[in-house]
$ cat coords.pdb   # PDB, C-alpha atoms
ATOM      1  CA  MET P   1      89.701 -64.390  51.275  1.00  0.00           C
ATOM      2  CA  PHE P   2      93.239 -64.410  52.654  1.00  0.00           C
ATOM      3  CA  ALA P   3      95.561 -61.457  53.219  1.00  0.00           C
ATOM      4  CA  THR P   4      98.633 -61.184  51.043  1.00  0.00           C
ATOM      5  CA  ARG P   5     101.819 -59.165  51.353  1.00  0.00           C
ATOM      6  CA  TYR P   6     102.026 -58.657  47.570  1.00  0.00           C
ATOM      7  CA  THR P   7     100.051 -55.458  47.237  1.00  0.00           C
ATOM      8  CA  ASN P   8     100.916 -52.018  45.921  1.00  0.00           C
ATOM      9  CA  GLN P   9      99.845 -50.457  49.214  1.00  0.00           C
ATOM     10  CA  HIS P  10     103.463 -49.719  50.220  1.00  0.00           C
ATOM     11  CA  GLY P  11     104.760 -48.957  46.738  1.00  0.00           C
ATOM     12  CA  PRO P  12     106.671 -50.704  43.954  1.00  0.00           C
ATOM     13  CA  ASN P  13     109.984 -50.761  45.873  1.00  0.00           C
ATOM     14  CA  VAL P  14     108.476 -52.874  48.632  1.00  0.00           C
ATOM     15  CA  GLN P  15     106.857 -55.142  46.066  1.00  0.00           C
ATOM     16  CA  ASN P  16     110.222 -55.635  44.299  1.00  0.00           C
ATOM     17  CA  ILE P  17     111.866 -56.646  47.578  1.00  0.00           C
ATOM     18  CA  LEU P  18     109.055 -59.079  48.355  1.00  0.00           C
ATOM     19  CA  VAL P  19     109.387 -60.696  44.936  1.00  0.00           C
ATOM     20  CA  GLY P  20     113.206 -60.788  45.051  1.00  0.00           C
ATOM     21  CA  ALA P  21     113.381 -61.917  48.724  1.00  0.00           C
ATOM     22  CA  THR P  22     116.214 -59.518  49.710  1.00  0.00           C
ATOM     23  CA  ARG P  23     117.669 -56.133  48.805  1.00  0.00           C
ATOM     24  CA  VAL P  24     121.093 -54.951  49.926  1.00  0.00           C
ATOM     25  CA  ILE P  25     121.399 -51.200  50.483  1.00  0.00           C
ATOM     26  CA  ARG P  26     124.998 -50.139  49.843  1.00  0.00           C
ATOM     27  CA  GLY P  27     124.580 -46.407  49.467  1.00  0.00           C
ATOM     28  CA  ARG P  28     122.089 -43.628  49.872  1.00  0.00           C
ATOM     29  CA  VAL P  29     118.393 -44.148  49.310  1.00  0.00           C
ATOM     30  CA  PRO P  30     115.984 -41.299  48.455  1.00  0.00           C
ATOM     31  CA  ALA P  31     113.937 -40.150  51.456  1.00  0.00           C
ATOM     32  CA  GLN P  32     110.619 -41.119  49.863  1.00  0.00           C
ATOM     33  CA  VAL P  33     111.798 -44.669  49.141  1.00  0.00           C
ATOM     34  CA  ARG P  34     113.271 -45.025  52.640  1.00  0.00           C
ATOM     35  CA  SER P  35     110.005 -43.862  54.217  1.00  0.00           C
ATOM     36  CA  GLU P  36     108.086 -46.448  52.145  1.00  0.00           C
ATOM     37  CA  LEU P  37     110.478 -49.184  53.252  1.00  0.00           C
ATOM     38  CA  ARG P  38     110.286 -48.153  56.915  1.00  0.00           C
ATOM     39  CA  ALA P  39     106.487 -48.072  56.784  1.00  0.00           C
ATOM     40  CA  ALA P  40     106.505 -51.586  55.315  1.00  0.00           C
ATOM     41  CA  VAL P  41     108.829 -52.791  58.095  1.00  0.00           C
ATOM     42  CA  LYS P  42     106.592 -51.211  60.722  1.00  0.00           C
ATOM     43  CA  ALA P  43     103.528 -52.881  59.161  1.00  0.00           C
ATOM     44  CA  GLY P  44     105.298 -56.261  59.195  1.00  0.00           C
ATOM     45  CA  VAL P  45     105.390 -56.552  55.408  1.00  0.00           C
ATOM     46  CA  LEU P  46     109.225 -56.438  55.255  1.00  0.00           C
ATOM     47  CA  GLY P  47     112.058 -57.326  57.577  1.00  0.00           C
ATOM     48  CA  HIS P  48     115.111 -55.138  58.142  1.00  0.00           C
ATOM     49  CA  LEU P  49     118.726 -55.777  59.167  1.00  0.00           C
ATOM     50  CA  LYS P  50     120.555 -52.621  60.241  1.00  0.00           C
ATOM     51  CA  LYS P  51     123.986 -51.668  58.956  1.00  0.00           C
ATOM     52  CA  ASP P  52     126.662 -52.856  61.366  1.00  0.00           C
ATOM     53  CA  GLY P  53     130.270 -51.953  60.634  1.00  0.00           C
ATOM     54  CA  LEU P  54     131.042 -53.416  57.215  1.00  0.00           C
ATOM     55  CA  LYS P  55     127.760 -55.337  57.118  1.00  0.00           C
ATOM     56  CA  PRO P  56     125.359 -53.523  54.774  1.00  0.00           C
ATOM     57  CA  GLU P  57     121.743 -52.666  55.468  1.00  0.00           C
ATOM     58  CA  VAL P  58     119.338 -55.332  54.165  1.00  0.00           C
ATOM     59  CA  PHE P  59     115.572 -55.309  53.632  1.00  0.00           C
ATOM     60  CA  TYR P  60     114.038 -58.744  53.187  1.00  0.00           C
ATOM     61  CA  HIS P  61     110.873 -60.796  52.810  1.00  0.00           C
ATOM     62  CA  PRO P  62     109.875 -61.925  56.331  1.00  0.00           C
ATOM     63  CA  ASP P  63     110.032 -65.585  55.290  1.00  0.00           C
ATOM     64  CA  HIS P  64     113.684 -65.186  54.201  1.00  0.00           C
ATOM     65  CA  LYS P  65     115.335 -63.860  57.367  1.00  0.00           C
ATOM     66  CA  HIS P  66     118.071 -66.526  57.488  1.00  0.00           C
ATOM     67  CA  GLY P  67     118.932 -65.938  53.830  1.00  0.00           C
ATOM     68  CA  ALA P  68     119.143 -62.200  54.500  1.00  0.00           C
ATOM     69  CA  ILE P  69     121.492 -62.764  57.450  1.00  0.00           C
ATOM     70  CA  GLU P  70     123.692 -64.988  55.282  1.00  0.00           C
ATOM     71  CA  LEU P  71     123.682 -62.418  52.446  1.00  0.00           C
ATOM     72  CA  GLN P  72     124.664 -59.647  54.876  1.00  0.00           C
ATOM     73  CA  ARG P  73     127.529 -61.812  56.203  1.00  0.00           C
ATOM     74  CA  ARG P  74     128.771 -62.598  52.656  1.00  0.00           C
ATOM     75  CA  GLU P  75     128.675 -58.910  51.703  1.00  0.00           C
ATOM     76  CA  ALA P  76     130.782 -58.063  54.769  1.00  0.00           C
ATOM     77  CA  GLU P  77     133.295 -60.786  53.908  1.00  0.00           C
ATOM     78  CA  TYR P  78     133.521 -59.415  50.364  1.00  0.00           C
ATOM     79  CA  ALA P  79     134.193 -55.896  51.712  1.00  0.00           C
ATOM     80  CA  ILE P  80     136.891 -57.224  54.044  1.00  0.00           C
ATOM     81  CA  GLY P  81     138.476 -59.108  51.146  1.00  0.00           C
ATOM     82  CA  CYS P  82     138.508 -55.962  49.014  1.00  0.00           C
ATOM     83  CA  ILE P  83     140.129 -53.928  51.784  1.00  0.00           C
ATOM     84  CA  ALA P  84     142.691 -56.652  52.486  1.00  0.00           C
ATOM     85  CA  SER P  85     143.635 -56.905  48.809  1.00  0.00           C
ATOM     86  CA  VAL P  86     144.728 -53.258  48.594  1.00  0.00           C
ATOM     87  CA  MET P  87     146.676 -53.180  51.847  1.00  0.00           C
ATOM     88  CA  ALA P  88     150.336 -54.192  51.808  1.00  0.00           C
ATOM     89  CA  SER P  89     151.927 -56.210  54.567  1.00  0.00           C
ATOM     90  CA  PRO P  90     155.364 -55.173  55.882  1.00  0.00           C
ATOM     91  CA  ALA P  91     156.874 -58.155  54.047  1.00  0.00           C
ATOM     92  CA  ASN P  92     155.366 -56.926  50.765  1.00  0.00           C
ATOM     93  CA  VAL P  93     156.762 -53.413  51.365  1.00  0.00           C
ATOM     94  CA  ARG P  94     160.219 -54.841  52.093  1.00  0.00           C
ATOM     95  CA  ASP P  95     160.096 -57.017  48.968  1.00  0.00           C
ATOM     96  CA  GLY P  96     159.028 -54.018  46.899  1.00  0.00           C
ATOM     97  CA  ILE P  97     161.895 -51.867  48.176  1.00  0.00           C
ATOM     98  CA  GLU P  98     164.379 -54.642  47.466  1.00  0.00           C
ATOM     99  CA  ALA P  99     162.905 -55.252  43.994  1.00  0.00           C
ATOM    100  CA  MET P 100     163.451 -51.570  43.177  1.00  0.00           C
ATOM    101  CA  GLY P 101     167.111 -51.951  44.158  1.00  0.00           C
ATOM    102  CA  GLY P 102     166.778 -49.982  47.383  1.00  0.00           C
ATOM    103  CA  ASP P 103     168.131 -50.664  50.836  1.00  0.00           C
ATOM    104  CA  VAL P 104     165.370 -51.430  53.345  1.00  0.00           C
ATOM    105  CA  ILE P 105     167.244 -49.934  56.313  1.00  0.00           C
ATOM    106  CA  GLU P 106     168.057 -46.675  54.467  1.00  0.00           C
ATOM    107  CA  GLU P 107     164.471 -46.399  53.224  1.00  0.00           C
ATOM    108  CA  LEU P 108     163.136 -46.735  56.755  1.00  0.00           C
ATOM    109  CA  LYS P 109     165.581 -44.128  58.048  1.00  0.00           C
ATOM    110  CA  THR P 110     164.340 -41.594  55.487  1.00  0.00           C
ATOM    111  CA  ARG P 111     160.705 -42.267  56.414  1.00  0.00           C
ATOM    112  CA  LEU P 112     161.288 -41.779  60.156  1.00  0.00           C
TER
END
$ encode --input "coords.pdb" --output "structure tokens"
Amino acid sequence: MFATRYTNQHGPNVQNILVGATRVIRGRVPAQVRSELRAAVKAGVLGHLKKDGLKPEVFYHPDHKHGAIELQRREAEYAIGCIASVMASPANVRDGIEAMGGDVIEELKTRL
């Protein structure tokens, strides 16, 4: 008989990750679930990529490490895109002031 990773020994959360290949963790995880996931990583049943800056934490099937790295990179790019889309460049601020009929120089003087 051969050993398989698909057992309920580590709980249903680990089994779901094994079946789905990867799981991105974007927020908080209950302590019990996190302890199950860490135990599975320690036992070699799951792989784990730590959170790094805007890169999210990822748990993955050990055979899908490269896919997990790519998913983590895409998630970080998405976060950067979201942040960039809400920030205004100085040119956009100037255009907005002019569109409202204001004087850019006078507006800057009042802000300083």
$ resolve_selection --input "coords.pdb" --expression "the PyMOL selection byres ((chain P and resi 54) around 8)" --output "PyMOL selection string"
chain P and resi 51-53+55-56+76+79-80
$ resolve_selection --input "coords.pdb" --expression "the PyMOL selection byres ((chain P and resi 32-45) around 9)" --output "list in words"
Arg5, Tyr6, His10, Gly11, Asn13, Val14, Leu18, Val29, Pro30, Ala31, Leu46, Gly47, His48, Phe59, His61 and Pro62 of chain P
$ write_last_selection --input "coords.pdb" --atoms "C-alpha atoms" --output "PDB file, in the frame of the given file"
ATOM      1  CA  ARG P   5     101.819 -59.165  51.353  1.00  0.00           C
ATOM      2  CA  TYR P   6     102.026 -58.657  47.570  1.00  0.00           C
ATOM      3  CA  HIS P  10     103.463 -49.719  50.220  1.00  0.00           C
ATOM      4  CA  GLY P  11     104.760 -48.957  46.738  1.00  0.00           C
ATOM      5  CA  ASN P  13     109.984 -50.761  45.873  1.00  0.00           C
ATOM      6  CA  VAL P  14     108.476 -52.874  48.632  1.00  0.00           C
ATOM      7  CA  LEU P  18     109.055 -59.079  48.355  1.00  0.00           C
ATOM      8  CA  VAL P  29     118.393 -44.148  49.310  1.00  0.00           C
ATOM      9  CA  PRO P  30     115.984 -41.299  48.455  1.00  0.00           C
ATOM     10  CA  ALA P  31     113.937 -40.150  51.456  1.00  0.00           C
ATOM     11  CA  LEU P  46     109.225 -56.438  55.255  1.00  0.00           C
ATOM     12  CA  GLY P  47     112.058 -57.326  57.577  1.00  0.00           C
ATOM     13  CA  HIS P  48     115.111 -55.138  58.142  1.00  0.00           C
ATOM     14  CA  PHE P  59     115.572 -55.309  53.632  1.00  0.00           C
ATOM     15  CA  HIS P  61     110.873 -60.796  52.810  1.00  0.00           C
ATOM     16  CA  PRO P  62     109.875 -61.925  56.331  1.00  0.00           C
TER      17      PRO P  62
END
$ atom_distance --input "coords.pdb" --atom1 "CA of Arg74 in chain P" --atom2 "CA of Tyr60 in chain P"
15.2 Å
$ atom_distance --input "coords.pdb" --atom1 "CA of Ala91 in chain P" --atom2 "CA of Glu75 in chain P"
28.3 Å
$ atom_distance --input "coords.pdb" --atom1 "CA of Asp63 in chain P" --atom2 "CA of Thr22 in chain P"
10.3 Å
$ resolve_selection --input "coords.pdb" --expression "the PyMOL selection byres ((chain P and resi 68) around 9)" --output "PyMOL selection string"
chain P and resi 21-24+48-49+58-61+64-67+69-73
$ axis_aligned_box --input "coords.pdb" --around "range 84-90 of chain P" --padding-each-side "5 Å" --output "lines of an AutoDock Vina configuration file"
center_x = 149.0
center_y = -55.0
center_z = 52.2
size_x = 22.7
size_y = 13.7
size_z = 17.3
$ decode --input "coords.pdb" --residues "range 7-32 of chain P" --atoms "N, CA and C atoms" --output "CSV table (one decimal), in the first residue's frame"
chain,number,residue,atom,x,y,z
P,7,THR,N,-5.6,12.7,3.3
P,7,THR,CA,-6.2,12.0,4.4
P,7,THR,C,-6.9,13.1,5.3
P,8,ASN,N,-7.7,12.7,6.2
P,8,ASN,CA,-8.3,13.7,7.1
P,8,ASN,C,-7.5,13.9,8.4
P,9,GLN,N,-6.3,13.3,8.4
P,9,GLN,CA,-5.5,13.4,9.6
P,9,GLN,C,-5.2,14.9,10.0
P,10,HIS,N,-5.0,15.8,9.1
P,10,HIS,CA,-4.7,17.2,9.4
P,10,HIS,C,-6.0,18.1,9.4
P,11,GLY,N,-7.1,17.5,9.0
P,11,GLY,CA,-8.3,18.3,9.0
P,11,GLY,C,-8.8,18.7,7.6
P,12,PRO,N,-10.1,19.1,7.5
P,12,PRO,CA,-10.7,19.4,6.2
P,12,PRO,C,-10.0,20.6,5.5
P,13,ASN,N,-9.5,21.6,6.2
P,13,ASN,CA,-8.9,22.7,5.6
P,13,ASN,C,-7.6,22.3,4.8
P,14,VAL,N,-6.8,21.4,5.4
P,14,VAL,CA,-5.7,20.9,4.7
P,14,VAL,C,-6.1,20.1,3.4
P,15,GLN,N,-7.1,19.3,3.6
P,15,GLN,CA,-7.6,18.5,2.5
P,15,GLN,C,-8.1,19.4,1.3
P,16,ASN,N,-8.8,20.5,1.7
P,16,ASN,CA,-9.3,21.5,0.7
P,16,ASN,C,-8.1,22.1,-0.1
P,17,ILE,N,-7.0,22.4,0.6
P,17,ILE,CA,-5.9,23.0,-0.1
P,17,ILE,C,-5.2,22.0,-1.0
P,18,LEU,N,-5.1,20.8,-0.5
P,18,LEU,CA,-4.5,19.7,-1.3
P,18,LEU,C,-5.3,19.5,-2.6
P,19,VAL,N,-6.6,19.5,-2.5
P,19,VAL,CA,-7.5,19.3,-3.7
P,19,VAL,C,-7.4,20.5,-4.6
P,20,GLY,N,-7.4,21.7,-4.0
P,20,GLY,CA,-7.4,22.9,-4.9
P,20,GLY,C,-6.0,23.4,-5.3
P,21,ALA,N,-5.0,22.8,-4.8
P,21,ALA,CA,-3.6,23.1,-5.2
P,21,ALA,C,-3.0,24.3,-4.4
P,22,THR,N,-3.7,25.4,-4.3
P,22,THR,CA,-3.2,26.6,-3.5
P,22,THR,C,-4.4,27.3,-2.8
P,23,ARG,N,-4.0,28.0,-1.8
P,23,ARG,CA,-4.9,28.8,-1.0
P,23,ARG,C,-4.2,30.1,-0.6
P,24,VAL,N,-4.7,31.2,-1.0
P,24,VAL,CA,-4.2,32.5,-0.7
P,24,VAL,C,-4.8,33.0,0.6
P,25,ILE,N,-4.0,33.4,1.6
P,25,ILE,CA,-4.5,33.9,2.9
P,25,ILE,C,-4.4,35.4,2.8
P,26,ARG,N,-5.5,36.1,2.8
P,26,ARG,CA,-5.5,37.6,2.7
P,26,ARG,C,-5.8,38.3,4.0
P,27,GLY,N,-6.3,37.6,4.9
P,27,GLY,CA,-6.7,38.2,6.2
P,27,GLY,C,-6.4,37.3,7.3
P,28,ARG,N,-7.1,37.4,8.4
P,28,ARG,CA,-6.9,36.6,9.6
P,28,ARG,C,-7.5,35.2,9.4
P,29,VAL,N,-6.8,34.3,10.1
P,29,VAL,CA,-7.2,32.9,10.1
P,29,VAL,C,-7.4,32.5,11.5
P,30,PRO,N,-8.5,31.8,11.9
P,30,PRO,CA,-8.7,31.3,13.2
P,30,PRO,C,-7.5,30.5,13.7
P,31,ALA,N,-7.2,30.6,15.0
P,31,ALA,CA,-6.0,30.0,15.5
P,31,ALA,C,-6.0,28.4,15.3
P,32,GLN,N,-7.2,27.8,15.4
P,32,GLN,CA,-7.2,26.4,15.3
P,32,GLN,C,-6.9,26.0,13.8
